[in-house]
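Next comes query_30.cif, a file with mmCIF, C-alpha atoms.
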data_query
#
loop_
_atom_site.label_atom_id
_atom_site.label_comp_id
_atom_site.auth_asym_id
_atom_site.auth_seq_id
_atom_site.Cartn_x
_atom_site.Cartn_y
_atom_site.Cartn_z
CA MET A 9 8.28 -12.55 9.23
CA THR A 10 5.39 -14.36 7.62
CA HIS A 11 1.66 -14.59 8.22
CA ASP A 12 2.54 -17.15 10.88
CA ASP A 13 3.96 -14.31 12.95
CA PRO A 14 1.04 -12.24 14.25
CA ALA A 15 3.45 -10.04 16.22
CA THR A 16 4.35 -8.03 13.13
CA PRO A 17 2.06 -5.78 11.09
CA PHE A 18 4.25 -6.24 7.99
CA GLY A 19 3.38 -8.24 4.89
CA GLY A 20 6.75 -9.94 4.83
CA ILE A 21 9.51 -10.40 2.24
CA HIS A 22 8.76 -13.36 -0.02
CA ASP A 23 10.59 -15.22 -2.75
CA ALA A 24 9.38 -14.74 -6.32
CA PRO A 25 6.85 -15.20 -7.72
CA CYS A 26 4.87 -12.82 -5.55
CA TYR A 27 1.83 -10.74 -6.39
CA ALA A 28 -0.16 -8.26 -4.35
CA VAL A 29 -3.45 -6.41 -4.20
CA ILE A 30 -3.23 -2.75 -3.15
CA PHE A 31 -6.60 -1.61 -1.83
CA ALA A 32 -6.86 2.10 -1.02
CA SER A 33 -10.15 3.28 0.42
CA GLN A 34 -11.91 6.24 1.94
CA ARG A 35 -14.22 5.05 4.70
CA ARG A 36 -17.56 6.58 5.49
CA ALA A 37 -18.37 7.09 9.18
CA ALA A 38 -21.40 4.81 8.85
CA ASP A 39 -21.57 1.41 10.56
CA ALA A 40 -18.17 1.45 12.23
CA ALA A 41 -18.91 -1.70 14.25
CA GLY A 42 -20.16 -3.66 11.25
CA TYR A 43 -17.14 -2.59 9.24
CA ALA A 44 -14.66 -3.55 11.97
CA GLU A 45 -16.23 -6.98 12.36
CA ALA A 46 -16.21 -7.65 8.61
CA ALA A 47 -12.64 -6.38 8.22
CA ALA A 48 -11.38 -8.69 10.97
CA ARG A 49 -13.28 -11.62 9.47
CA MET A 50 -11.83 -10.97 6.00
CA LEU A 51 -8.28 -10.89 7.38
CA GLU A 52 -8.89 -14.19 9.15
CA LEU A 53 -10.49 -15.75 6.07
CA ALA A 54 -7.85 -14.47 3.63
CA ALA A 55 -5.07 -15.94 5.78
CA ARG A 56 -6.57 -19.42 5.28
CA GLN A 57 -6.69 -19.21 1.47
CA GLU A 58 -4.27 -21.06 -0.78
CA GLY A 59 -1.38 -18.88 -1.86
CA TYR A 60 -1.82 -16.26 0.87
CA LEU A 61 1.54 -14.88 1.96
CA GLY A 62 0.76 -11.95 4.24
CA VAL A 63 -1.03 -8.65 4.67
CA GLU A 64 -0.34 -5.14 5.93
CA SER A 65 -2.88 -2.44 6.62
CA ALA A 66 -3.01 1.14 7.88
CA ARG A 67 -5.84 3.64 8.29
CA GLY A 68 -5.60 7.22 9.54
CA ASP A 69 -8.05 9.23 11.59
CA ASP A 70 -9.34 10.80 8.36
CA GLY A 71 -10.73 7.41 7.31
CA PHE A 72 -8.30 6.93 4.43
CA GLY A 73 -6.68 3.52 4.49
CA ILE A 74 -4.43 1.21 2.50
CA THR A 75 -4.39 -2.59 2.74
CA VAL A 76 -1.87 -4.66 0.79
CA SER A 77 -2.28 -8.44 0.62
CA TYR A 78 0.47 -10.66 -0.81
CA TRP A 79 -0.14 -13.83 -2.83
CA ARG A 80 1.86 -16.52 -4.58
CA SER A 81 0.02 -16.31 -7.92
CA LEU A 82 -2.60 -14.40 -9.89
CA GLU A 83 -4.74 -17.53 -9.73
CA ASP A 84 -4.72 -17.33 -5.93
CA ILE A 85 -5.88 -13.70 -6.14
CA ALA A 86 -8.66 -14.62 -8.58
CA ARG A 87 -9.82 -17.46 -6.32
CA TRP A 88 -9.94 -15.19 -3.29
CA ARG A 89 -11.82 -12.58 -5.30
CA ALA A 90 -14.40 -15.23 -6.24
CA HIS A 91 -14.84 -16.49 -2.65
CA ALA A 92 -18.55 -16.29 -1.84
CA GLU A 93 -18.21 -14.66 1.59
CA HIS A 94 -15.64 -12.20 0.26
CA ARG A 95 -17.97 -11.25 -2.60
CA ALA A 96 -20.85 -10.60 -0.22
CA VAL A 97 -18.70 -8.40 1.99
CA ARG A 98 -17.48 -6.43 -1.01
CA GLU A 99 -21.07 -5.66 -1.97
CA THR A 100 -21.72 -4.25 1.49
CA GLY A 101 -18.50 -2.25 1.23
CA ASN A 102 -19.59 -0.80 -2.09
CA ALA A 103 -23.00 0.15 -0.80
CA LEU A 104 -22.24 1.22 2.75
CA TRP A 105 -18.67 1.52 3.97
CA TYR A 106 -16.59 3.08 1.21
CA GLU A 107 -17.04 6.55 -0.18
CA HIS A 108 -14.39 5.65 -2.76
CA TYR A 109 -11.73 3.03 -3.38
CA GLU A 110 -8.99 2.20 -5.84
CA LEU A 111 -7.63 -1.30 -6.29
CA ARG A 112 -4.51 -2.50 -8.10
CA VAL A 113 -3.26 -5.98 -8.81
CA VAL A 114 0.53 -5.87 -8.99
CA GLN A 115 3.55 -8.11 -9.43
CA VAL A 116 6.32 -7.70 -6.87
CA LEU A 117 9.62 -7.25 -8.72
CA ARG A 118 11.94 -6.56 -5.77
CA ALA A 119 11.48 -6.46 -2.02
CA TYR A 120 13.69 -5.73 0.94
CA ALA A 121 13.43 -4.85 4.60
CA LYS A 122 15.38 -2.53 6.85
CA ALA A 123 18.53 -4.25 7.97
CA ALA A 124 18.45 -5.25 11.62
CA ALA A 125 20.85 -3.38 13.85
CA ALA A 126 23.95 -5.46 14.46
CA ALA A 127 23.73 -7.43 17.67
CA PRO A 128 26.50 -6.71 20.18
CA ASP A 129 28.08 -10.08 19.50
CA ALA A 130 27.60 -9.95 15.73
CA MET B 13 -7.78 11.81 -10.45
CA THR B 14 -4.09 12.53 -10.87
CA HIS B 15 -1.40 14.23 -8.84
CA ASP B 16 -2.79 17.47 -10.28
CA ASP B 17 -5.84 16.98 -8.06
CA PRO B 18 -4.77 17.64 -4.47
CA ALA B 19 -8.37 17.18 -3.31
CA THR B 20 -8.06 13.39 -3.42
CA PRO B 21 -5.83 11.20 -1.26
CA PHE B 22 -5.80 8.47 -3.93
CA GLY B 23 -2.90 7.55 -6.17
CA GLY B 24 -5.05 7.50 -9.29
CA ILE B 25 -5.76 5.02 -12.06
CA HIS B 26 -3.11 5.21 -14.78
CA ASP B 27 -2.60 3.68 -18.22
CA ALA B 28 0.10 1.04 -18.56
CA PRO B 29 2.99 0.97 -18.11
CA CYS B 30 2.73 1.82 -14.44
CA TYR B 31 5.01 0.86 -11.57
CA ALA B 32 4.81 1.54 -7.85
CA VAL B 33 6.83 1.54 -4.66
CA ILE B 34 5.04 0.15 -1.59
CA PHE B 35 6.71 1.46 1.55
CA ALA B 36 5.40 -0.01 4.82
CA SER B 37 6.93 1.34 8.00
CA GLN B 38 6.68 1.29 11.76
CA ARG B 39 7.43 4.76 13.12
CA ARG B 40 9.23 5.44 16.34
CA ALA B 41 7.81 8.17 18.57
CA ALA B 42 11.06 10.13 18.30
CA ASP B 43 11.28 13.44 16.45
CA ALA B 44 7.65 13.71 15.33
CA ALA B 45 8.09 17.29 14.09
CA GLY B 46 11.23 16.51 12.10
CA TYR B 47 9.58 13.48 10.58
CA ALA B 48 6.43 15.39 9.58
CA GLU B 49 8.47 18.14 7.94
CA ALA B 50 10.62 15.68 6.00
CA ALA B 51 7.61 13.62 4.93
CA ALA B 52 5.83 16.67 3.55
CA ARG B 53 8.98 17.81 1.77
CA MET B 54 9.48 14.36 0.19
CA LEU B 55 5.88 14.33 -1.11
CA GLU B 56 6.40 17.77 -2.62
CA LEU B 57 9.75 16.81 -4.13
CA ALA B 58 8.55 13.45 -5.49
CA ALA B 59 5.63 15.14 -7.25
CA ARG B 60 8.09 17.19 -9.28
CA GLN B 61 10.13 14.22 -10.52
CA GLU B 62 9.93 12.87 -14.05
CA GLY B 63 7.55 9.96 -14.34
CA TYR B 64 5.72 10.63 -11.08
CA LEU B 65 2.05 9.69 -11.38
CA GLY B 66 0.62 9.95 -7.88
CA VAL B 67 0.87 8.89 -4.26
CA GLU B 68 -1.35 7.61 -1.47
CA SER B 69 -0.46 7.30 2.19
CA ALA B 70 -2.08 6.20 5.45
CA ARG B 71 -0.76 5.86 9.02
CA GLY B 72 -2.65 4.65 12.06
CA ASP B 73 -2.35 5.76 15.66
CA ASP B 74 -0.08 2.77 16.31
CA GLY B 75 2.57 4.36 14.06
CA PHE B 76 2.29 1.73 11.33
CA GLY B 77 1.94 3.30 7.90
CA ILE B 78 1.88 2.50 4.20
CA THR B 79 2.82 4.87 1.38
CA VAL B 80 2.43 3.85 -2.26
CA SER B 81 3.93 6.04 -4.98
CA TYR B 82 3.15 5.44 -8.66
CA TRP B 83 5.60 5.94 -11.52
CA ARG B 84 5.72 5.59 -15.29
CA SER B 85 8.88 3.46 -15.43
CA LEU B 86 11.46 1.61 -13.35
CA GLU B 87 14.00 4.17 -14.55
CA ASP B 88 11.92 6.92 -12.96
CA ILE B 89 11.90 4.99 -9.67
CA ALA B 90 15.68 4.48 -9.84
CA ARG B 91 16.24 8.19 -10.51
CA TRP B 92 14.07 9.20 -7.57
CA ARG B 93 15.88 6.70 -5.37
CA ALA B 94 19.21 8.27 -6.36
CA HIS B 95 18.03 11.86 -5.72
CA ALA B 96 20.52 13.43 -3.31
CA GLU B 97 17.96 15.00 -0.93
CA HIS B 98 15.90 11.80 -0.93
CA ARG B 99 18.99 9.76 -0.07
CA ALA B 100 19.86 12.03 2.84
CA VAL B 101 16.32 11.81 4.23
CA ARG B 102 16.36 8.02 3.92
CA GLU B 103 19.50 7.89 6.03
CA THR B 104 17.80 9.88 8.78
CA GLY B 105 14.78 7.61 8.50
CA ASN B 106 16.98 4.55 8.91
CA ALA B 107 18.76 5.97 11.94
CA LEU B 108 15.97 7.80 13.70
CA TRP B 109 12.37 7.54 12.50
CA TYR B 110 11.73 3.93 11.54
CA GLU B 111 11.80 0.99 13.88
CA HIS B 112 11.30 -1.21 10.82
CA TYR B 113 10.25 -0.93 7.20
CA GLU B 114 9.62 -3.12 4.19
CA LEU B 115 9.79 -1.83 0.64
CA ARG B 116 8.60 -3.40 -2.60
CA VAL B 117 8.98 -2.28 -6.19
CA VAL B 118 6.01 -3.58 -8.17
CA GLN B 119 4.48 -3.48 -11.62
CA VAL B 120 0.80 -2.59 -11.79
CA LEU B 121 -0.99 -5.21 -13.89
CA ARG B 122 -4.60 -4.04 -13.46
CA ALA B 123 -6.24 -1.10 -11.72
CA TYR B 124 -9.77 0.06 -11.20
CA ALA B 125 -11.76 2.43 -9.02
CA LYS B 126 -15.15 2.22 -7.41
CA ALA B 127 -17.78 3.14 -9.96
CA ALA B 128 -19.33 6.53 -9.32
CA ALA B 129 -23.00 6.46 -8.37
CA ALA B 130 -25.10 7.25 -11.40
CA ALA B 131 -26.01 10.91 -11.64
CA PRO B 132 -29.76 11.64 -11.74
CA ASP B 133 -29.53 12.67 -15.38
CA ALA B 134 -27.19 9.85 -16.40
#
Show how you would write the structure in this file as structure tokens.
Amino acid sequence: MTHDDPATPFGGIHDAPCYAVIFASQRRAADAAGYAEAAARMLELAARQEGYLGVESARGDDGFGITVSYWRSLEDIARWRAHAEHRAVRETGNALWYEHYELRVVQVLRAYAKAAAAAPDA
Amino acid sequence: MTHDDPATPFGGIHDAPCYAVIFASQRRAADAAGYAEAAARMLELAARQEGYLGVESARGDDGFGITVSYWRSLEDIARWRAHAEHRAVRETGNALWYEHYELRVVQVLRAYAKAAAAAPDA
């Protein structure tokens, strides 16, 4: 369950050290197509950055969404934040797409997943 | 912007120390009413626990959701985890509501919100 597995929407369980960015945002209705295109592009671009571990994202019909991206180090997060295309997209987000957002940089202390149901032959 | 302000879906920006639980889950279609009732009850109950700072939650039409709850200390998180009613609900979630979930306990290192637009008289 890593970013190499596009079949899962989960960020994955990773060995330490692991850091994450929690991005909570309230979307405006404006420019839905432009937003969707930029969001897809950012996911694709982030996945190619050094230290990227995975991402998970959910948004409800009310336009409130949470995206969590997972990274090996704080330096990886800083490098992604400084990426020129990412910076440009953030400026558009500030001006156009997001009514409000809150962002946290966090260190993952513990992580676990639901245990798989025992297979019949297990 | 705290849990005292029900008008906002955001978890809020809090002074250090601040910890969080990131709960990502894939819902099953089963028992939508029972799930909704339990989810609302857990939000209400969590908000009354010592050390609770706020919560934010989003779920898309595909049933994939993320809930982040914010707490003052790891001890507060452990106490909430051990709460009898919370434990019972988690067991139902394991058996019935969640196809899969991933959970992380994290420490918030930095947090910031979108800057408010300048008021005309600012």
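Checking A:Cys26, A:Ala15, A:Ala40, A:Val63 one by one against Gln115 of chain A, counting all atoms listed in the file, you find the shortest gap at A:Cys26.
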**OP:** Could you list the residues in chain A lying within 6 Å of chain B, using all atoms listed in the file, and format the result as a PyMOL selection string?
**Re:** chain A and resi 66-68+73+108-122
**OP:** Quick one: apply the PyMOL selection byres ((chain B and resi 61) around 10) to the file and drop the selected residues here as a list of chain:residue names.
**Re:**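 With the PyMOL selection byres ((chain B and resi 61) around 10) on this model, the match is B:Glu56, B:Leu57, B:Ala58, B:Ala59, B:Arg60, B:Glu62, B:Gly63, B:Tyr64, B:Leu65, B:Trp83, B:Asp88, B:Ile89, B:Arg91, B:Trp92, B:His95.
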Original post:
Quick one: distance from atom CA of Met54 of chain B to atom CA of Glu97 of chain B in Å, one decimal?
Top reply: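 Going from atom CA of Met54 of chain B over to atom CA of Glu97 of chain B, I get 8.6 Å.
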Subject >> For atom CA of Ser81 of chain B and atom CA of His98 of chain B, the interatomic separation in Å (one decimal) >> reply: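 Distance between the two atoms: 13.9 Å.
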Draw an axis-aligned box over all listed atoms of segment 60-69 of chain B, pad each side with 4 Å, and write its centre and edge lengths in Å, one decimal, as JSON.
{"center_x": 4.4, "center_y": 12.2, "center_z": -6.1, "size_x": 19.5, "size_y": 17.9, "size_z": 24.5}
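The gap separating atom CA of Tyr78 of chain A from atom CA of Tyr43 of chain A is 21.8 Å, in Å to one decimal.
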